[in-house]
Amino acid sequence: MEELIIKKNWWKALAIALLGYTLVGGLLMEVPRLAILNETIRALYFHVPMWFGMIMLLLVSVVYSIKYLNSGKPGHDTVAVEFAYAGILFGVLGIVTGMVWAKFTWGDYWSNDPKQNAAAIGLLIYFAYIVLRNSLEDEQQKARISAVYNIFAFAALIPLLFILPRLTDSLHPGNGGNPGFNAYDMDSNLRMVFYPAVAGWTLLGVWLASIRIRIRNIERIQEDRVMG
């Protein structure tokens with residue numbers, strides 16, 4: 001039994017190890033000395049991986065929304081909503097860490113940069129998803145309508161983050177004619193921490209969602225026992 005538990009939880013241990021490595025390496029390892037950025041480039045290990053994690057979590061959410069529309073199984077809706085909530089949390093953390101980074105590199109927490117504005121709009125769309133779910137009483141209606149909304153929300157988020165900011169001037173690397181990190185400063189030292197950070201933050205998001213899913217499943221079982 002103990003061996004089975006260890007095998008099932010190996011990815012959680014990996015998440016802890018990767019995030020521990022990210023925190024230590026992100027704060028202590030050597031980074032490129034670039035004009036304006038200087039030591040603030042260390043925010044790359046937190047801000048960008050959180051956004052990557054958000055995209056992966058929301059992708060899982062939309063896949064399970066599609067599955068729910070095809071199957072009508074409450075479990076699929078539970079996975080969809082909890083991964084969406086975890087993705088929204090990472091989106092909030094990503095935008096906050098981005099604001100802190102912007103303060104020290106651009107001179108202000110919010111400079112109305114196109115990508116900042118697009119990210120804010122994307123989060124507002126998903127905040128509306130939360131409001132929509134909480135405004136509906138019937139469980140099946142709530143699941144169906146929010147599943148459809150979730151699909152359209154993700155379809156709107158991708159162009160907001162990755163297409164529209166590239167069509168205009170932007171302070172963000174890789175947007176509006178600015179070179180991306182890979183083009184000028186994503187050296188081996190940064191990659192040694194950046195890629196583990198992406199994996200670590202994403203696994204943490206999956207972990208948070210899985211805990212919430214287990215709680216929801218327990219609540220559903222208890223409700224069924226009471227009704228039965």
# chains A, B, ... in the order shown; residues from 1 in each chain; ligands from 1
call {"tool": "residues_around", "arguments": {"residues": "Ser65 in chain A", "least_positions_apart": "4", "cutoff": "8 Å", "atoms": "only C-alpha atoms", "output": "MDAnalysis selection string"}}
result
chainID A and resid 61 69 76:77 80 147:148 150:151
call {"tool": "write_last_selection", "arguments": {"atoms": "N, CA and C atoms", "output": "mmCIF file, in the first residue's frame"}}
result
data_model
loop_
_atom_site.group_PDB
_atom_site.id
_atom_site.type_symbol
_atom_site.label_atom_id
_atom_site.label_comp_id
_atom_site.auth_asym_id
_atom_site.auth_seq_id
_atom_site.Cartn_x
_atom_site.Cartn_y
_atom_site.Cartn_z
ATOM 1 N N SER A 61 -9.057 22.513 -18.788
ATOM 2 C CA SER A 61 -10.425 22.884 -18.431
ATOM 3 C C SER A 61 -11.345 22.861 -19.639
ATOM 4 N N LEU A 69 -20.002 18.329 -22.443
ATOM 5 C CA LEU A 69 -21.070 18.554 -23.411
ATOM 6 C C LEU A 69 -21.374 17.280 -24.196
ATOM 7 N N HIS A 76 -16.904 15.308 -15.303
ATOM 8 C CA HIS A 76 -16.207 16.102 -16.312
ATOM 9 C C HIS A 76 -16.376 17.595 -16.043
ATOM 10 N N ASP A 77 -17.555 17.990 -15.595
ATOM 11 C CA ASP A 77 -17.780 19.399 -15.244
ATOM 12 C C ASP A 77 -16.931 19.799 -14.050
ATOM 13 N N ALA A 80 -13.446 20.402 -15.206
ATOM 14 C CA ALA A 80 -13.390 21.628 -15.999
ATOM 15 C C ALA A 80 -13.376 22.868 -15.116
ATOM 16 N N ALA A 147 -19.936 25.450 -19.519
ATOM 17 C CA ALA A 147 -19.059 24.703 -20.426
ATOM 18 C C ALA A 147 -18.952 25.411 -21.773
ATOM 19 N N VAL A 148 -20.098 25.848 -22.287
ATOM 20 C CA VAL A 148 -20.093 26.576 -23.557
ATOM 21 C C VAL A 148 -19.318 27.886 -23.416
ATOM 22 N N ASN A 150 -16.969 28.552 -21.289
ATOM 23 C CA ASN A 150 -15.555 28.238 -21.096
ATOM 24 C C ASN A 150 -14.838 28.045 -22.432
ATOM 25 N N ILE A 151 -15.504 27.383 -23.363
ATOM 26 C CA ILE A 151 -14.909 27.153 -24.683
ATOM 27 C C ILE A 151 -14.669 28.473 -25.409
#
call {"tool": "residues_around", "arguments": {"residues": "Ile211 in chain A", "least_positions_apart": "2", "cutoff": "12 Å", "atoms": "only C-alpha atoms", "output": "compact mmCIF listing (two decimals) with C-alpha atoms, in the first residue's frame"}}
result
# COMPACT_ATOMS: atom_id res chain seq x y z
CA LYS A 12 3.81 15.88 -6.28
CA THR A 78 -15.99 19.19 -11.90
CA VAL A 79 -12.61 18.79 -13.58
CA GLU A 82 -11.58 23.32 -10.87
CA PHE A 83 -8.88 23.52 -13.54
CA ALA A 86 -6.64 27.07 -10.78
CA LEU A 204 1.53 22.94 -8.66
CA GLY A 205 -1.56 24.13 -10.52
CA VAL A 206 -2.53 20.53 -11.31
CA TRP A 207 -2.00 19.66 -7.65
CA LEU A 208 -4.27 22.48 -6.46
CA ALA A 209 -6.96 21.51 -8.97
CA ILE A 213 -11.67 17.94 -7.36
CA ARG A 214 -11.32 15.43 -4.51
CA ILE A 215 -13.15 17.81 -2.16
CA ARG A 216 -15.97 18.29 -4.68
CA ASN A 217 -16.27 14.52 -5.20
CA ILE A 218 -16.47 13.92 -1.43
call {"tool": "select_by_dssp", "arguments": {"residues": "range 71-205 of chain A", "states": "helix (DSSP H, G or I)", "output": "JSON, numbers by chain"}}
result
{"A": [71, 74, 75, 76, 77, 78, 79, 80, 81, 82, 83, 84, 85, 86, 87, 88, 89, 90, 91, 92, 93, 94, 95, 96, 97, 98, 99, 100, 101, 102, 103, 104, 105, 114, 115, 116, 117, 118, 119, 120, 121, 122, 123, 124, 125, 126, 127, 128, 129, 130, 131, 132, 133, 134, 135, 139, 140, 141, 142, 143, 144, 145, 146, 147, 148, 149, 150, 151, 152, 153, 154, 155, 156, 157, 158, 159, 160, 161, 162, 164, 165, 166, 167, 181, 182, 183, 184, 188, 189, 190, 191, 192, 193, 194, 195, 196, 197, 198, 199, 200, 201, 202, 203, 204, 205]}
call {"tool": "write_last_selection", "arguments": {"atoms": "C-alpha atoms", "output": "short mmCIF file (atom, residue, chain, number, x, y, z; two decimals), in the first residue's frame"}}
result
data_model
loop_
_atom_site.label_atom_id
_atom_site.label_comp_id
_atom_site.auth_asym_id
_atom_site.auth_seq_id
_atom_site.Cartn_x
_atom_site.Cartn_y
_atom_site.Cartn_z
CA SER A 71 -21.15 12.97 -22.02
CA PRO A 74 -20.86 15.65 -13.58
CA GLY A 75 -17.27 14.51 -13.05
CA HIS A 76 -16.21 16.10 -16.31
CA ASP A 77 -17.78 19.40 -15.24
CA THR A 78 -15.99 19.19 -11.90
CA VAL A 79 -12.61 18.79 -13.58
CA ALA A 80 -13.39 21.63 -16.00
CA VAL A 81 -14.38 24.12 -13.32
CA GLU A 82 -11.58 23.32 -10.87
CA PHE A 83 -8.88 23.52 -13.54
CA ALA A 84 -10.43 26.80 -14.67
CA TYR A 85 -10.28 28.15 -11.12
CA ALA A 86 -6.64 27.07 -10.78
CA GLY A 87 -5.85 28.69 -14.13
CA ILE A 88 -7.53 31.93 -13.04
CA LEU A 89 -5.48 31.92 -9.82
CA PHE A 90 -2.28 31.55 -11.84
CA GLY A 91 -3.46 34.31 -14.16
CA VAL A 92 -3.90 36.66 -11.21
CA LEU A 93 -0.48 35.73 -9.82
CA GLY A 94 1.02 36.19 -13.29
CA ILE A 95 -0.41 39.65 -13.75
CA VAL A 96 0.62 40.73 -10.24
CA THR A 97 4.21 39.52 -10.68
CA GLY A 98 4.21 41.22 -14.09
CA MET A 99 3.14 44.50 -12.49
CA VAL A 100 5.97 44.27 -9.97
CA TRP A 101 8.44 43.56 -12.78
CA ALA A 102 7.01 46.44 -14.83
CA LYS A 103 7.49 48.87 -11.92
CA PHE A 104 11.23 48.28 -11.89
CA THR A 105 11.77 48.08 -15.66
CA PRO A 114 -1.11 46.34 -25.08
CA LYS A 115 -0.20 42.97 -23.59
CA GLN A 116 -0.99 44.16 -20.07
CA ASN A 117 -4.38 45.40 -21.23
CA ALA A 118 -5.05 42.20 -23.19
CA ALA A 119 -4.13 40.08 -20.16
CA ALA A 120 -6.49 42.12 -17.98
CA ILE A 121 -9.32 41.68 -20.48
CA GLY A 122 -8.64 37.94 -20.59
CA LEU A 123 -8.86 37.70 -16.79
CA LEU A 124 -12.08 39.72 -16.76
CA ILE A 125 -13.58 37.24 -19.24
CA TYR A 126 -12.75 34.40 -16.85
CA PHE A 127 -14.00 36.36 -13.82
CA ALA A 128 -17.30 36.53 -15.71
CA TYR A 129 -17.14 32.73 -15.95
CA ILE A 130 -17.06 32.54 -12.14
CA VAL A 131 -19.95 34.99 -11.84
CA LEU A 132 -21.94 33.04 -14.42
CA ARG A 133 -21.55 29.74 -12.57
CA ASN A 134 -22.50 31.26 -9.24
CA SER A 135 -25.57 32.97 -10.69
CA GLU A 139 -26.73 22.13 -11.59
CA GLN A 140 -27.20 20.76 -15.11
CA GLN A 141 -27.98 24.20 -16.53
CA LYS A 142 -24.98 25.64 -14.69
CA ALA A 143 -22.69 22.95 -16.09
CA ARG A 144 -23.95 23.21 -19.69
CA ILE A 145 -23.94 27.01 -19.95
CA SER A 146 -20.59 27.43 -18.21
CA ALA A 147 -19.06 24.70 -20.43
CA VAL A 148 -20.09 26.58 -23.56
CA TYR A 149 -18.86 29.87 -22.08
CA ASN A 150 -15.55 28.24 -21.10
CA ILE A 151 -14.91 27.15 -24.68
CA PHE A 152 -15.52 30.64 -26.06
CA ALA A 153 -13.50 32.24 -23.24
CA PHE A 154 -10.43 30.15 -24.10
CA ALA A 155 -10.92 30.88 -27.81
CA ALA A 156 -10.89 34.60 -26.97
CA LEU A 157 -7.91 34.38 -24.59
CA ILE A 158 -5.43 32.99 -27.13
CA PRO A 159 -5.63 35.88 -29.63
CA LEU A 160 -5.75 38.38 -26.75
CA LEU A 161 -2.42 37.13 -25.38
CA PHE A 162 -0.53 35.90 -28.43
CA LEU A 164 -3.29 41.11 -30.91
CA PRO A 165 -0.29 42.45 -28.87
CA ARG A 166 2.00 41.54 -31.78
CA LEU A 167 0.05 43.81 -34.12
CA PHE A 181 14.08 36.51 -24.85
CA ASN A 182 15.36 33.68 -27.05
CA ALA A 183 16.79 36.24 -29.45
CA TYR A 184 19.09 38.09 -27.10
CA SER A 188 22.07 28.69 -20.63
CA ASN A 189 21.90 30.02 -17.07
CA LEU A 190 18.36 31.28 -17.58
CA ARG A 191 17.25 28.08 -19.31
CA MET A 192 18.57 25.95 -16.43
CA VAL A 193 15.98 27.52 -14.13
CA PHE A 194 13.28 28.70 -16.55
CA TYR A 195 12.22 25.31 -17.95
CA PRO A 196 12.09 23.58 -14.54
CA ALA A 197 10.09 26.60 -13.31
CA VAL A 198 7.50 26.13 -16.06
CA ALA A 199 7.13 22.45 -15.16
CA GLY A 200 7.08 23.13 -11.43
CA TRP A 201 4.44 25.86 -11.48
CA THR A 202 2.28 23.86 -13.88
CA LEU A 203 2.43 20.77 -11.65
CA LEU A 204 1.53 22.94 -8.66
CA GLY A 205 -1.56 24.13 -10.52
#
call {"tool": "atom_distance", "arguments": {"atom1": "CA of Leu19 in chain A", "atom2": "CA of Val62 in chain A"}}
result
26.1 Å
call {"tool": "atom_distance", "arguments": {"atom1": "CA of Ile163 in chain A", "atom2": "CA of Lys67 in chain A"}}
result
27.2 Å
call {"tool": "atom_distance", "arguments": {"atom1": "CA of Leu23 in chain A", "atom2": "CA of His47 in chain A"}}
result
12.7 Å
